[in-house]
file start24.cif (mmCIF, C-alpha atoms and all ligand atoms)
data_run
#
loop_
_atom_site.label_atom_id
_atom_site.label_comp_id
_atom_site.auth_asym_id
_atom_site.auth_seq_id
_atom_site.Cartn_x
_atom_site.Cartn_y
_atom_site.Cartn_z
CA MET R 1 13.86 -4.58 -8.90
CA ASP R 2 15.70 -5.93 -11.95
CA GLY R 3 13.23 -8.79 -12.28
CA ALA R 4 10.35 -6.33 -12.00
CA ARG R 5 11.79 -4.10 -14.73
CA GLU R 6 12.34 -7.15 -16.94
CA PHE R 7 8.69 -8.14 -16.43
CA PHE R 8 7.32 -4.71 -17.35
CA HIS R 9 9.53 -4.57 -20.43
CA GLN R 10 7.92 -7.75 -21.76
CA PRO R 11 5.36 -7.45 -24.54
CA LEU R 12 1.78 -6.95 -23.39
CA GLU R 13 0.97 -10.51 -24.42
CA THR R 14 3.49 -11.90 -21.90
CA ARG R 15 2.38 -9.55 -19.13
CA GLN R 16 -1.24 -10.51 -19.67
CA LYS R 17 -0.47 -14.15 -18.93
CA PHE R 18 -0.48 -12.95 -15.30
CA SER R 19 -3.66 -10.90 -15.69
CA ASN R 20 -5.92 -9.96 -12.79
CA LEU R 21 -9.01 -10.54 -14.93
CA VAL R 22 -11.29 -13.48 -14.21
CA ASP R 23 -14.14 -13.68 -16.72
CA GLY R 24 -13.48 -10.06 -17.62
CA THR R 25 -13.69 -8.78 -14.01
CA PRO R 26 -10.56 -7.38 -12.32
CA ARG R 27 -9.57 -8.95 -8.97
CA HIS R 28 -7.14 -7.60 -6.42
CA LYS R 29 -4.51 -10.10 -7.55
CA GLY R 30 -2.44 -10.34 -10.69
CA TYR R 31 -1.35 -8.01 -13.46
CA GLY R 32 -3.43 -4.93 -14.31
CA CYS R 33 -5.11 -2.00 -12.60
CA LEU R 34 -8.40 -2.01 -10.74
CA LEU R 35 -10.50 0.52 -12.56
CA SER R 36 -14.04 1.52 -11.84
CA GLN R 37 -15.88 3.04 -14.75
CA ASP R 38 -15.86 6.60 -13.49
CA GLN R 39 -12.20 6.54 -12.55
CA THR R 40 -9.61 8.63 -14.31
CA ILE R 41 -6.42 6.70 -14.88
CA ASP R 42 -3.08 7.23 -13.16
CA TRP R 43 0.07 6.80 -15.27
CA PHE R 44 1.20 3.43 -14.03
CA ASP R 45 0.97 -0.28 -14.42
CA ARG R 46 1.06 -2.81 -11.58
CA VAL R 47 1.01 -6.41 -10.41
CA HIS R 48 -0.72 -7.32 -7.14
CA LEU R 49 0.46 -10.40 -5.26
CA ALA R 50 -1.45 -11.96 -2.36
CA ILE R 51 1.18 -12.95 0.21
CA ASP R 52 -0.94 -13.77 3.30
CA PRO R 53 -3.03 -15.51 4.37
CA GLU R 54 -0.84 -18.29 3.10
CA ASP R 55 -3.68 -20.37 1.65
CA GLU R 56 -4.50 -17.49 -0.70
CA ARG R 57 -0.95 -17.31 -1.99
CA ASP R 58 -0.83 -18.80 -5.46
CA LEU R 59 2.83 -18.90 -6.48
CA SER R 60 2.06 -20.35 -9.90
CA SER R 61 0.34 -17.07 -10.82
CA TRP R 62 3.32 -14.89 -9.83
CA PRO R 63 5.54 -13.69 -12.69
CA HIS R 64 8.66 -15.87 -12.63
CA PHE R 65 10.76 -12.76 -13.35
CA PHE R 66 10.68 -11.87 -9.65
CA ARG R 67 8.90 -14.76 -7.90
CA ASP R 68 11.82 -16.09 -5.84
CA ALA R 69 13.12 -12.66 -4.89
CA MET R 70 9.64 -11.58 -3.80
CA LEU R 71 9.08 -14.66 -1.69
CA GLU R 72 12.35 -14.18 0.15
CA TYR R 73 11.71 -10.46 0.60
CA ALA R 74 8.19 -11.10 1.95
CA GLY R 75 9.51 -13.50 4.60
CA GLU R 76 12.26 -11.13 5.76
CA SER R 77 10.07 -8.06 5.73
CA LYS R 78 7.47 -9.69 7.98
CA LYS R 79 10.11 -9.97 10.71
CA THR R 80 10.86 -6.29 10.26
CA ARG R 81 7.12 -5.48 10.35
CA ASP R 82 6.85 -7.07 13.79
CA ARG R 83 9.87 -5.15 15.08
CA VAL R 84 8.45 -1.87 13.82
CA LEU R 85 4.96 -2.57 15.25
CA ARG R 86 6.46 -3.46 18.64
CA ALA R 87 8.50 -0.27 18.69
CA MET R 88 5.43 1.78 17.78
CA ALA R 89 3.33 0.19 20.54
CA THR R 90 6.11 0.87 23.04
CA LEU R 91 6.23 4.52 21.98
CA LEU R 92 2.55 4.83 22.91
CA GLU R 93 3.13 3.03 26.22
CA LEU R 94 0.89 0.20 25.09
CA GLU R 95 1.81 -3.44 25.68
CA GLU R 96 4.65 -4.23 23.33
CA ASP R 97 2.59 -6.82 21.45
CA HIS R 98 -0.55 -4.72 21.21
CA PHE R 99 -0.38 -4.23 17.42
CA VAL R 100 1.47 -7.46 16.64
CA SER R 101 -1.24 -9.48 18.40
CA LYS R 102 -3.79 -8.06 15.94
CA VAL R 103 -1.83 -9.60 13.08
CA THR R 104 -3.36 -13.10 13.19
CA ASP R 105 -2.66 -15.90 10.72
CA ARG R 106 -5.65 -14.61 8.70
CA ALA R 107 -4.11 -11.13 8.47
CA ILE R 108 -3.68 -9.75 4.99
CA THR R 109 -0.33 -8.99 3.43
CA PHE R 110 -0.07 -8.10 -0.21
CA ALA R 111 2.59 -6.68 -2.45
CA ALA R 112 2.30 -4.30 -5.36
CA VAL R 113 4.99 -4.09 -7.99
CA ASN R 114 4.48 -0.70 -9.63
CA TYR R 115 5.82 0.45 -12.97
CA TYR R 116 5.71 4.07 -14.15
CA PRO R 117 6.58 4.43 -17.84
CA PRO R 118 8.05 7.73 -19.06
CA CYS R 119 5.13 10.12 -19.40
CA PRO R 120 4.82 12.56 -22.31
CA ALA R 121 2.61 14.95 -20.29
CA PRO R 122 4.07 14.98 -16.76
CA ASP R 123 2.30 18.19 -15.80
CA ARG R 124 -1.11 16.75 -16.67
CA VAL R 125 -1.16 13.32 -15.05
CA PHE R 126 -0.06 11.72 -11.79
CA GLY R 127 1.91 8.50 -11.65
CA PHE R 128 -0.12 7.75 -8.53
CA ARG R 129 -2.64 10.28 -7.24
CA PRO R 130 -2.54 11.56 -3.62
CA HIS R 131 -3.66 8.86 -1.18
CA SER R 132 -2.77 7.18 2.09
CA ASP R 133 -2.43 3.41 2.29
CA GLY R 134 -5.28 1.65 4.09
CA ARG R 135 -3.53 -1.04 6.08
CA LEU R 136 -1.33 -0.84 9.22
CA ILE R 137 2.03 -0.09 7.65
CA THR R 138 3.61 -0.18 4.20
CA PHE R 139 7.23 -0.87 3.33
CA LEU R 140 8.31 0.76 0.11
CA LEU R 141 11.38 0.04 -1.97
CA ALA R 142 11.83 2.70 -4.62
CA ASP R 143 13.99 2.74 -7.71
CA LYS R 144 17.43 4.16 -7.11
CA ASP R 145 18.24 7.55 -8.64
CA ILE R 146 14.70 8.17 -9.88
CA GLY R 147 12.61 10.49 -7.74
CA GLY R 148 8.92 11.09 -8.08
CA LEU R 149 7.54 10.10 -4.70
CA GLN R 150 6.28 13.00 -2.60
CA VAL R 151 4.70 13.24 0.87
CA ARG R 152 2.35 15.91 2.15
CA LYS R 153 2.99 17.73 5.39
CA ASP R 154 1.02 20.75 6.58
CA GLY R 155 -0.49 21.16 3.11
CA ARG R 156 2.86 21.18 1.27
CA TRP R 157 4.44 18.47 -0.86
CA TYR R 158 8.00 17.32 -0.23
CA ASN R 159 10.19 15.09 -2.41
CA VAL R 160 11.18 11.85 -0.72
CA PRO R 161 14.92 11.33 -1.29
CA THR R 162 15.90 8.04 -2.90
CA LYS R 163 18.74 6.31 -1.14
CA PRO R 164 19.93 2.95 -2.48
CA GLY R 165 19.17 0.16 -0.06
CA SER R 166 16.80 2.20 2.10
CA LEU R 167 13.39 1.01 3.17
CA LEU R 168 10.63 3.55 3.53
CA VAL R 169 7.93 2.89 6.14
CA PHE R 170 4.51 4.50 5.78
CA VAL R 171 1.89 4.53 8.50
CA GLY R 172 -1.45 3.46 7.03
CA ASP R 173 -5.03 4.42 7.93
CA SER R 174 -5.62 1.30 10.09
CA LEU R 175 -2.74 2.23 12.40
CA GLU R 176 -3.87 5.87 12.54
CA ILE R 177 -7.26 4.67 13.79
CA MET R 178 -5.84 2.09 16.23
CA SER R 179 -3.44 4.67 17.67
CA ASN R 180 -6.33 7.17 18.00
CA GLY R 181 -4.46 9.56 15.73
CA ALA R 182 -1.13 9.48 17.59
CA PHE R 183 0.38 8.19 14.34
CA LYS R 184 -0.89 9.86 11.20
CA ALA R 185 -1.22 8.01 7.91
CA ALA R 186 1.17 9.50 5.36
CA VAL R 187 -0.50 11.12 2.36
CA HIS R 188 1.73 10.54 -0.64
CA ARG R 189 1.70 10.70 -4.42
CA VAL R 190 3.98 9.96 -7.36
CA VAL R 191 4.65 12.52 -10.07
CA THR R 192 5.57 11.32 -13.53
CA ASN R 193 8.89 11.63 -15.32
CA PRO R 194 9.09 12.56 -19.03
CA VAL R 195 12.25 10.56 -19.71
CA LYS R 196 12.85 7.70 -17.29
CA ASP R 197 10.72 4.79 -16.22
CA ARG R 198 10.48 3.95 -12.53
CA ILE R 199 9.81 0.83 -10.45
CA SER R 200 8.64 0.56 -6.86
CA VAL R 201 7.74 -2.40 -4.69
CA ALA R 202 5.21 -1.82 -1.92
CA MET R 203 4.46 -4.40 0.79
CA PHE R 204 1.20 -3.69 2.61
CA PHE R 205 0.71 -5.24 6.05
CA GLY R 206 -2.76 -5.34 7.53
CA VAL R 207 -5.03 -7.13 9.94
CA ASP R 208 -7.66 -9.60 8.76
CA GLY R 209 -10.88 -8.48 7.10
CA ASP R 210 -13.08 -9.29 10.11
CA THR R 211 -11.00 -7.35 12.63
CA VAL R 212 -12.78 -4.25 13.89
CA LEU R 213 -10.69 -1.13 13.45
CA GLU R 214 -10.96 1.02 16.57
CA PRO R 215 -8.73 3.11 18.83
CA ALA R 216 -6.89 0.96 21.42
CA PRO R 217 -9.02 1.14 24.63
CA ALA R 218 -5.86 1.66 26.72
CA LEU R 219 -5.30 4.99 24.93
CA LEU R 220 -8.71 6.36 25.88
CA ASP R 221 -10.00 8.03 29.03
CA GLU R 222 -12.24 10.94 29.94
CA THR R 223 -9.77 13.51 28.73
CA ARG R 224 -8.78 11.53 25.62
CA PRO R 225 -11.97 10.38 23.87
CA ALA R 226 -12.03 8.19 20.77
CA ARG R 227 -11.37 10.34 17.70
CA TYR R 228 -12.44 7.67 15.19
CA ARG R 229 -15.50 5.47 14.98
CA LYS R 230 -15.32 1.69 14.69
CA MET R 231 -15.62 -0.28 11.48
CA ARG R 232 -14.81 -3.76 10.26
CA THR R 233 -11.64 -3.78 8.15
CA LYS R 234 -13.43 -5.34 5.18
CA GLU R 235 -15.94 -2.50 4.99
CA TYR R 236 -13.25 0.08 5.61
CA ILE R 237 -11.16 -1.16 2.68
CA GLN R 238 -14.23 -1.23 0.44
CA GLY R 239 -14.88 2.38 1.48
CA ILE R 240 -11.31 3.33 0.54
CA LEU R 241 -11.77 2.04 -3.00
CA GLU R 242 -15.02 3.99 -3.40
CA HIS R 243 -13.53 7.22 -2.05
CA TYR R 244 -10.33 6.81 -4.03
CA SER R 245 -12.08 7.07 -7.36
CA LEU R 246 -13.58 10.38 -6.16
CA TYR R 247 -10.17 11.72 -4.99
CA GLU R 248 -11.40 11.57 -1.37
CA ARG R 249 -10.06 9.89 1.76
CA MET R 250 -12.14 7.32 3.63
CA ILE R 251 -10.45 8.14 6.94
CA GLU R 252 -12.07 11.58 6.95
CA THR R 253 -15.47 9.86 7.26
CA MET R 254 -14.27 8.01 10.38
CA LYS R 255 -13.39 11.08 12.43
CA ILE R 256 -15.66 11.90 15.35
O1 LIG W 301 5.61 4.14 -6.32
C1 LIG W 301 5.69 4.68 -5.21
O2 LIG W 301 6.71 5.23 -4.81
C2 LIG W 301 4.47 4.71 -4.31
C3 LIG W 301 3.49 3.60 -4.57
C4 LIG W 301 2.31 3.69 -3.66
O3 LIG W 301 2.05 4.69 -3.06
C5 LIG W 301 1.44 2.51 -3.45
O4 LIG W 301 1.64 1.47 -4.12
O5 LIG W 301 0.53 2.61 -2.60
FE FE W 302 0.71 4.29 -1.43
#
call {"tool": "encode", "arguments": {"input": "start24.cif", "output": "structure tokens"}}
result
Amino acid sequence: MDGAREFFHQPLETRQKFSNLVDGTPRHKGYGCLLSQDQTIDWFDRVHLAIDPEDERDLSSWPHFFRDAMLEYAGESKKTRDRVLRAMATLLELEEDHFVSKVTDRAITFAAVNYYPPCPAPDRVFGFRPHSDGRLITFLLADKDIGGLQVRKDGRWYNVPTKPGSLLVFVGDSLEIMSNGAFKAAVHRVVTNPVKDRISVAMFFGVDGDTVLEPAPALLDETRPARYRKMRTKEYIQGILEHYSLYERMIETMKI
């Protein structure tokens, strides 16, 4: 967290040394937001880091302000990911390794280090607009003492309390589909703060791009039909980006 804050307090010139632009085109790696032309901007700044697959991890492009801490955190959090996925499979009476076995060595893990500067018009702009994360699960570390994260339940928004040292786990769209809706992806947003800046670190754990997202066959029978159609992860994630700029959710298009 401290390293992340130090990075975002650097002059733009320093931050841009880690830019996500290659020949002027933003990639899903590096410093800077992915903006399509018709997209309105959320009030935040971010760095994306590709963690897995390992051959796509390019440590030399990671800001040195938090490189070592992030690498250690990524390794530890993957162990926790597997424990959480096993517990979730057990809850559904699936084989314990049902979800973990989908996380192959080509599975995608990436981290986002988010920075929300103080915002002069907090009632007019989101830090991060309402969305659910697309992958299996997300671990979120949020800045201590600074609220702003909210989750939606039954159409109402609730503040997520910030507790030092706590790890927040979000279910993502991929796990909602694979669990046939038994687990629901958490819709969340960040509201801006007029005075304080805020940091968060999100670790997104997914399957690999070629894996077909579909409800686990063991959860289906005549009385419990599939509630989501199938789609390759790659296409699903592309669909999320397109729907996101329109303030829509891709998962709604998957429901049968
Ligand atoms: O900053 C936060 O608390 C949430 C960030 C988030 O939702 C995301 O990176 O997907
Ligand atoms: Fe999110």
call {"tool": "closest_residue", "arguments": {"input": "start24.cif", "among": "R:Leu219, R:Ile177, R:Ala186, R:Leu140", "to": "Arg152 in chain R", "atoms": "only C-alpha atoms"}}
result
R:Ala186
call {"tool": "closest_residue", "arguments": {"input": "start24.cif", "among": "R:Glu235, R:Glu95, R:Asp208, R:Asp42", "to": "Phe126 in chain R", "atoms": "only C-alpha atoms"}}
result
R:Asp42
call {"tool": "closest_residue", "arguments": {"input": "start24.cif", "among": "R:Pro194, R:Gly206, R:Pro11, R:Gly3", "to": "Phe110 in chain R", "atoms": "only C-alpha atoms"}}
result
R:Gly206
call {"tool": "closest_residue", "arguments": {"input": "start24.cif", "among": "R:Ile240, R:Val22, R:Ile256, R:Leu92", "to": "Glu214 in chain R", "atoms": "only C-alpha atoms"}}
result
R:Ile256
call {"tool": "residues_near_ligand", "arguments": {"input": "start24.cif", "ligand": "ligand LIG 301 (chain W)", "cutoff": "10 Å", "atoms": "all atoms listed in the file", "output": "PyMOL selection string"}}
result
chain R and resi 44+46+48+111-116+127-134+138-143+146-151+160+162+168+170+172+186-191+198-204
call {"tool": "write_last_selection", "arguments": {"input": "start24.cif", "atoms": "C-alpha atoms", "output": "mmCIF file, in the frame of the given file"}}
result
data_model
loop_
_atom_site.group_PDB
_atom_site.id
_atom_site.type_symbol
_atom_site.label_atom_id
_atom_site.label_comp_id
_atom_site.auth_asym_id
_atom_site.auth_seq_id
_atom_site.Cartn_x
_atom_site.Cartn_y
_atom_site.Cartn_z
ATOM 1 C CA PHE R 44 1.200 3.430 -14.030
ATOM 2 C CA ARG R 46 1.060 -2.810 -11.580
ATOM 3 C CA HIS R 48 -0.720 -7.320 -7.140
ATOM 4 C CA ALA R 111 2.590 -6.680 -2.450
ATOM 5 C CA ALA R 112 2.300 -4.300 -5.360
ATOM 6 C CA VAL R 113 4.990 -4.090 -7.990
ATOM 7 C CA ASN R 114 4.480 -0.700 -9.630
ATOM 8 C CA TYR R 115 5.820 0.450 -12.970
ATOM 9 C CA TYR R 116 5.710 4.070 -14.150
ATOM 10 C CA GLY R 127 1.910 8.500 -11.650
ATOM 11 C CA PHE R 128 -0.120 7.750 -8.530
ATOM 12 C CA ARG R 129 -2.640 10.280 -7.240
ATOM 13 C CA PRO R 130 -2.540 11.560 -3.620
ATOM 14 C CA HIS R 131 -3.660 8.860 -1.180
ATOM 15 C CA SER R 132 -2.770 7.180 2.090
ATOM 16 C CA ASP R 133 -2.430 3.410 2.290
ATOM 17 C CA GLY R 134 -5.280 1.650 4.090
ATOM 18 C CA THR R 138 3.610 -0.180 4.200
ATOM 19 C CA PHE R 139 7.230 -0.870 3.330
ATOM 20 C CA LEU R 140 8.310 0.760 0.110
ATOM 21 C CA LEU R 141 11.380 0.040 -1.970
ATOM 22 C CA ALA R 142 11.830 2.700 -4.620
ATOM 23 C CA ASP R 143 13.990 2.740 -7.710
ATOM 24 C CA ILE R 146 14.700 8.170 -9.880
ATOM 25 C CA GLY R 147 12.610 10.490 -7.740
ATOM 26 C CA GLY R 148 8.920 11.090 -8.080
ATOM 27 C CA LEU R 149 7.540 10.100 -4.700
ATOM 28 C CA GLN R 150 6.280 13.000 -2.600
ATOM 29 C CA VAL R 151 4.700 13.240 0.870
ATOM 30 C CA VAL R 160 11.180 11.850 -0.720
ATOM 31 C CA THR R 162 15.900 8.040 -2.900
ATOM 32 C CA LEU R 168 10.630 3.550 3.530
ATOM 33 C CA PHE R 170 4.510 4.500 5.780
ATOM 34 C CA GLY R 172 -1.450 3.460 7.030
ATOM 35 C CA ALA R 186 1.170 9.500 5.360
ATOM 36 C CA VAL R 187 -0.500 11.120 2.360
ATOM 37 C CA HIS R 188 1.730 10.540 -0.640
ATOM 38 C CA ARG R 189 1.700 10.700 -4.420
ATOM 39 C CA VAL R 190 3.980 9.960 -7.360
ATOM 40 C CA VAL R 191 4.650 12.520 -10.070
ATOM 41 C CA ARG R 198 10.480 3.950 -12.530
ATOM 42 C CA ILE R 199 9.810 0.830 -10.450
ATOM 43 C CA SER R 200 8.640 0.560 -6.860
ATOM 44 C CA VAL R 201 7.740 -2.400 -4.690
ATOM 45 C CA ALA R 202 5.210 -1.820 -1.920
ATOM 46 C CA MET R 203 4.460 -4.400 0.790
ATOM 47 C CA PHE R 204 1.200 -3.690 2.610
#
call {"tool": "decode", "arguments": {"input": "start24.cif", "residues": "range 141-170 of chain R", "atoms": "N, CA, C and O atoms", "output": "PDB file, in the first residue's frame"}}
result
ATOM      1  N   LEU R 141      -7.687  -5.626  -1.313  1.00  0.00           N
ATOM      2  CA  LEU R 141      -7.127  -4.962  -0.130  1.00  0.00           C
ATOM      3  C   LEU R 141      -7.474  -3.493  -0.281  1.00  0.00           C
ATOM      4  O   LEU R 141      -7.135  -2.887  -1.301  1.00  0.00           O
ATOM      5  N   ALA R 142      -8.142  -2.929   0.704  1.00  0.00           N
ATOM      6  CA  ALA R 142      -8.535  -1.521   0.571  1.00  0.00           C
ATOM      7  C   ALA R 142      -7.809  -0.689   1.622  1.00  0.00           C
ATOM      8  O   ALA R 142      -7.439  -1.189   2.683  1.00  0.00           O
ATOM      9  N   ASP R 143      -7.620   0.560   1.289  1.00  0.00           N
ATOM     10  CA  ASP R 143      -6.930   1.495   2.167  1.00  0.00           C
ATOM     11  C   ASP R 143      -7.605   1.535   3.529  1.00  0.00           C
ATOM     12  O   ASP R 143      -8.831   1.570   3.632  1.00  0.00           O
ATOM     13  N   LYS R 144      -6.790   1.565   4.578  1.00  0.00           N
ATOM     14  CA  LYS R 144      -7.396   1.626   5.906  1.00  0.00           C
ATOM     15  C   LYS R 144      -8.002   3.019   6.135  1.00  0.00           C
ATOM     16  O   LYS R 144      -7.515   4.012   5.585  1.00  0.00           O
ATOM     17  N   ASP R 145      -9.055   3.046   6.878  1.00  0.00           N
ATOM     18  CA  ASP R 145      -9.716   4.294   7.313  1.00  0.00           C
ATOM     19  C   ASP R 145     -10.429   5.074   6.207  1.00  0.00           C
ATOM     20  O   ASP R 145     -11.081   6.064   6.490  1.00  0.00           O
ATOM     21  N   ILE R 146     -10.244   4.697   4.945  1.00  0.00           N
ATOM     22  CA  ILE R 146     -10.909   5.487   3.904  1.00  0.00           C
ATOM     23  C   ILE R 146     -11.960   4.626   3.219  1.00  0.00           C
ATOM     24  O   ILE R 146     -11.621   3.668   2.530  1.00  0.00           O
ATOM     25  N   GLY R 147     -13.218   4.957   3.438  1.00  0.00           N
ATOM     26  CA  GLY R 147     -14.298   4.189   2.831  1.00  0.00           C
ATOM     27  C   GLY R 147     -14.450   4.568   1.365  1.00  0.00           C
ATOM     28  O   GLY R 147     -13.581   5.207   0.772  1.00  0.00           O
ATOM     29  N   GLY R 148     -15.548   4.171   0.801  1.00  0.00           N
ATOM     30  CA  GLY R 148     -15.812   4.521  -0.596  1.00  0.00           C
ATOM     31  C   GLY R 148     -16.346   3.337  -1.379  1.00  0.00           C
ATOM     32  O   GLY R 148     -17.121   3.483  -2.308  1.00  0.00           O
ATOM     33  N   LEU R 149     -15.937   2.116  -0.943  1.00  0.00           N
ATOM     34  CA  LEU R 149     -16.416   0.931  -1.652  1.00  0.00           C
ATOM     35  C   LEU R 149     -17.828   0.585  -1.171  1.00  0.00           C
ATOM     36  O   LEU R 149     -18.100   0.588   0.024  1.00  0.00           O
ATOM     37  N   GLN R 150     -18.703   0.306  -2.134  1.00  0.00           N
ATOM     38  CA  GLN R 150     -20.078  -0.064  -1.789  1.00  0.00           C
ATOM     39  C   GLN R 150     -20.488  -1.302  -2.583  1.00  0.00           C
ATOM     40  O   GLN R 150     -20.038  -1.480  -3.715  1.00  0.00           O
ATOM     41  N   VAL R 151     -21.333  -2.145  -1.970  1.00  0.00           N
ATOM     42  CA  VAL R 151     -21.877  -3.305  -2.702  1.00  0.00           C
ATOM     43  C   VAL R 151     -23.394  -3.173  -2.802  1.00  0.00           C
ATOM     44  O   VAL R 151     -24.039  -2.597  -1.924  1.00  0.00           O
ATOM     45  N   ARG R 152     -23.929  -3.757  -3.868  1.00  0.00           N
ATOM     46  CA  ARG R 152     -25.386  -3.682  -4.076  1.00  0.00           C
ATOM     47  C   ARG R 152     -26.049  -4.989  -3.658  1.00  0.00           C
ATOM     48  O   ARG R 152     -25.571  -6.067  -3.992  1.00  0.00           O
ATOM     49  N   LYS R 153     -27.105  -4.849  -2.887  1.00  0.00           N
ATOM     50  CA  LYS R 153     -27.886  -6.029  -2.498  1.00  0.00           C
ATOM     51  C   LYS R 153     -29.358  -5.644  -2.562  1.00  0.00           C
ATOM     52  O   LYS R 153     -29.739  -4.600  -2.007  1.00  0.00           O
ATOM     53  N   ASP R 154     -30.131  -6.444  -3.272  1.00  0.00           N
ATOM     54  CA  ASP R 154     -31.561  -6.176  -3.431  1.00  0.00           C
ATOM     55  C   ASP R 154     -31.815  -4.717  -3.830  1.00  0.00           C
ATOM     56  O   ASP R 154     -32.699  -4.053  -3.258  1.00  0.00           O
ATOM     57  N   GLY R 155     -31.022  -4.220  -4.757  1.00  0.00           N
ATOM     58  CA  GLY R 155     -31.249  -2.876  -5.299  1.00  0.00           C
ATOM     59  C   GLY R 155     -30.765  -1.731  -4.420  1.00  0.00           C
ATOM     60  O   GLY R 155     -30.919  -0.563  -4.787  1.00  0.00           O
ATOM     61  N   ARG R 156     -30.195  -2.041  -3.253  1.00  0.00           N
ATOM     62  CA  ARG R 156     -29.690  -0.965  -2.372  1.00  0.00           C
ATOM     63  C   ARG R 156     -28.183  -1.035  -2.255  1.00  0.00           C
ATOM     64  O   ARG R 156     -27.600  -2.108  -2.319  1.00  0.00           O
ATOM     65  N   TRP R 157     -27.556   0.120  -2.024  1.00  0.00           N
ATOM     66  CA  TRP R 157     -26.097   0.154  -1.889  1.00  0.00           C
ATOM     67  C   TRP R 157     -25.703   0.198  -0.410  1.00  0.00           C
ATOM     68  O   TRP R 157     -26.298   0.940   0.371  1.00  0.00           O
ATOM     69  N   TYR R 158     -24.723  -0.596  -0.060  1.00  0.00           N
ATOM     70  CA  TYR R 158     -24.230  -0.649   1.323  1.00  0.00           C
ATOM     71  C   TYR R 158     -22.732  -0.342   1.353  1.00  0.00           C
ATOM     72  O   TYR R 158     -21.990  -0.831   0.493  1.00  0.00           O
ATOM     73  N   ASN R 159     -22.302   0.444   2.335  1.00  0.00           N
ATOM     74  CA  ASN R 159     -20.878   0.712   2.502  1.00  0.00           C
ATOM     75  C   ASN R 159     -20.171  -0.549   2.978  1.00  0.00           C
ATOM     76  O   ASN R 159     -20.678  -1.244   3.864  1.00  0.00           O
ATOM     77  N   VAL R 160     -19.021  -0.831   2.398  1.00  0.00           N
ATOM     78  CA  VAL R 160     -18.213  -1.956   2.884  1.00  0.00           C
ATOM     79  C   VAL R 160     -17.267  -1.410   3.952  1.00  0.00           C
ATOM     80  O   VAL R 160     -16.495  -0.497   3.681  1.00  0.00           O
ATOM     81  N   PRO R 161     -17.352  -1.932   5.175  1.00  0.00           N
ATOM     82  CA  PRO R 161     -16.476  -1.402   6.234  1.00  0.00           C
ATOM     83  C   PRO R 161     -15.012  -1.679   5.922  1.00  0.00           C
ATOM     84  O   PRO R 161     -14.692  -2.709   5.313  1.00  0.00           O
ATOM     85  N   THR R 162     -14.138  -0.771   6.291  1.00  0.00           N
ATOM     86  CA  THR R 162     -12.702  -1.010   6.086  1.00  0.00           C
ATOM     87  C   THR R 162     -12.093  -1.432   7.416  1.00  0.00           C
ATOM     88  O   THR R 162     -12.168  -0.708   8.395  1.00  0.00           O
ATOM     89  N   LYS R 163     -11.540  -2.610   7.402  1.00  0.00           N
ATOM     90  CA  LYS R 163     -10.886  -3.115   8.617  1.00  0.00           C
ATOM     91  C   LYS R 163      -9.440  -3.359   8.265  1.00  0.00           C
ATOM     92  O   LYS R 163      -9.158  -4.115   7.333  1.00  0.00           O
ATOM     93  N   PRO R 164      -8.499  -2.770   9.017  1.00  0.00           N
ATOM     94  CA  PRO R 164      -7.085  -2.987   8.696  1.00  0.00           C
ATOM     95  C   PRO R 164      -6.762  -4.481   8.686  1.00  0.00           C
ATOM     96  O   PRO R 164      -7.225  -5.228   9.540  1.00  0.00           O
ATOM     97  N   GLY R 165      -6.020  -4.887   7.684  1.00  0.00           N
ATOM     98  CA  GLY R 165      -5.580  -6.280   7.627  1.00  0.00           C
ATOM     99  C   GLY R 165      -6.623  -7.243   7.096  1.00  0.00           C
ATOM    100  O   GLY R 165      -6.384  -8.445   7.043  1.00  0.00           O
ATOM    101  N   SER R 166      -7.801  -6.754   6.698  1.00  0.00           N
ATOM    102  CA  SER R 166      -8.806  -7.700   6.216  1.00  0.00           C
ATOM    103  C   SER R 166      -8.720  -7.843   4.703  1.00  0.00           C
ATOM    104  O   SER R 166      -8.289  -6.934   4.000  1.00  0.00           O
ATOM    105  N   LEU R 167      -9.119  -9.013   4.241  1.00  0.00           N
ATOM    106  CA  LEU R 167      -9.087  -9.312   2.821  1.00  0.00           C
ATOM    107  C   LEU R 167     -10.523  -9.528   2.371  1.00  0.00           C
ATOM    108  O   LEU R 167     -11.241 -10.340   2.938  1.00  0.00           O
ATOM    109  N   LEU R 168     -10.923  -8.777   1.374  1.00  0.00           N
ATOM    110  CA  LEU R 168     -12.295  -8.900   0.894  1.00  0.00           C
ATOM    111  C   LEU R 168     -12.313  -9.843  -0.303  1.00  0.00           C
ATOM    112  O   LEU R 168     -11.456  -9.732  -1.184  1.00  0.00           O
ATOM    113  N   VAL R 169     -13.256 -10.779  -0.337  1.00  0.00           N
ATOM    114  CA  VAL R 169     -13.335 -11.715  -1.460  1.00  0.00           C
ATOM    115  C   VAL R 169     -14.623 -11.454  -2.222  1.00  0.00           C
ATOM    116  O   VAL R 169     -15.710 -11.493  -1.645  1.00  0.00           O
ATOM    117  N   PHE R 170     -14.490 -11.165  -3.506  1.00  0.00           N
ATOM    118  CA  PHE R 170     -15.662 -10.993  -4.363  1.00  0.00           C
ATOM    119  C   PHE R 170     -15.822 -12.210  -5.258  1.00  0.00           C
ATOM    120  O   PHE R 170     -14.850 -12.691  -5.834  1.00  0.00           O
TER     121      PHE R 170
END
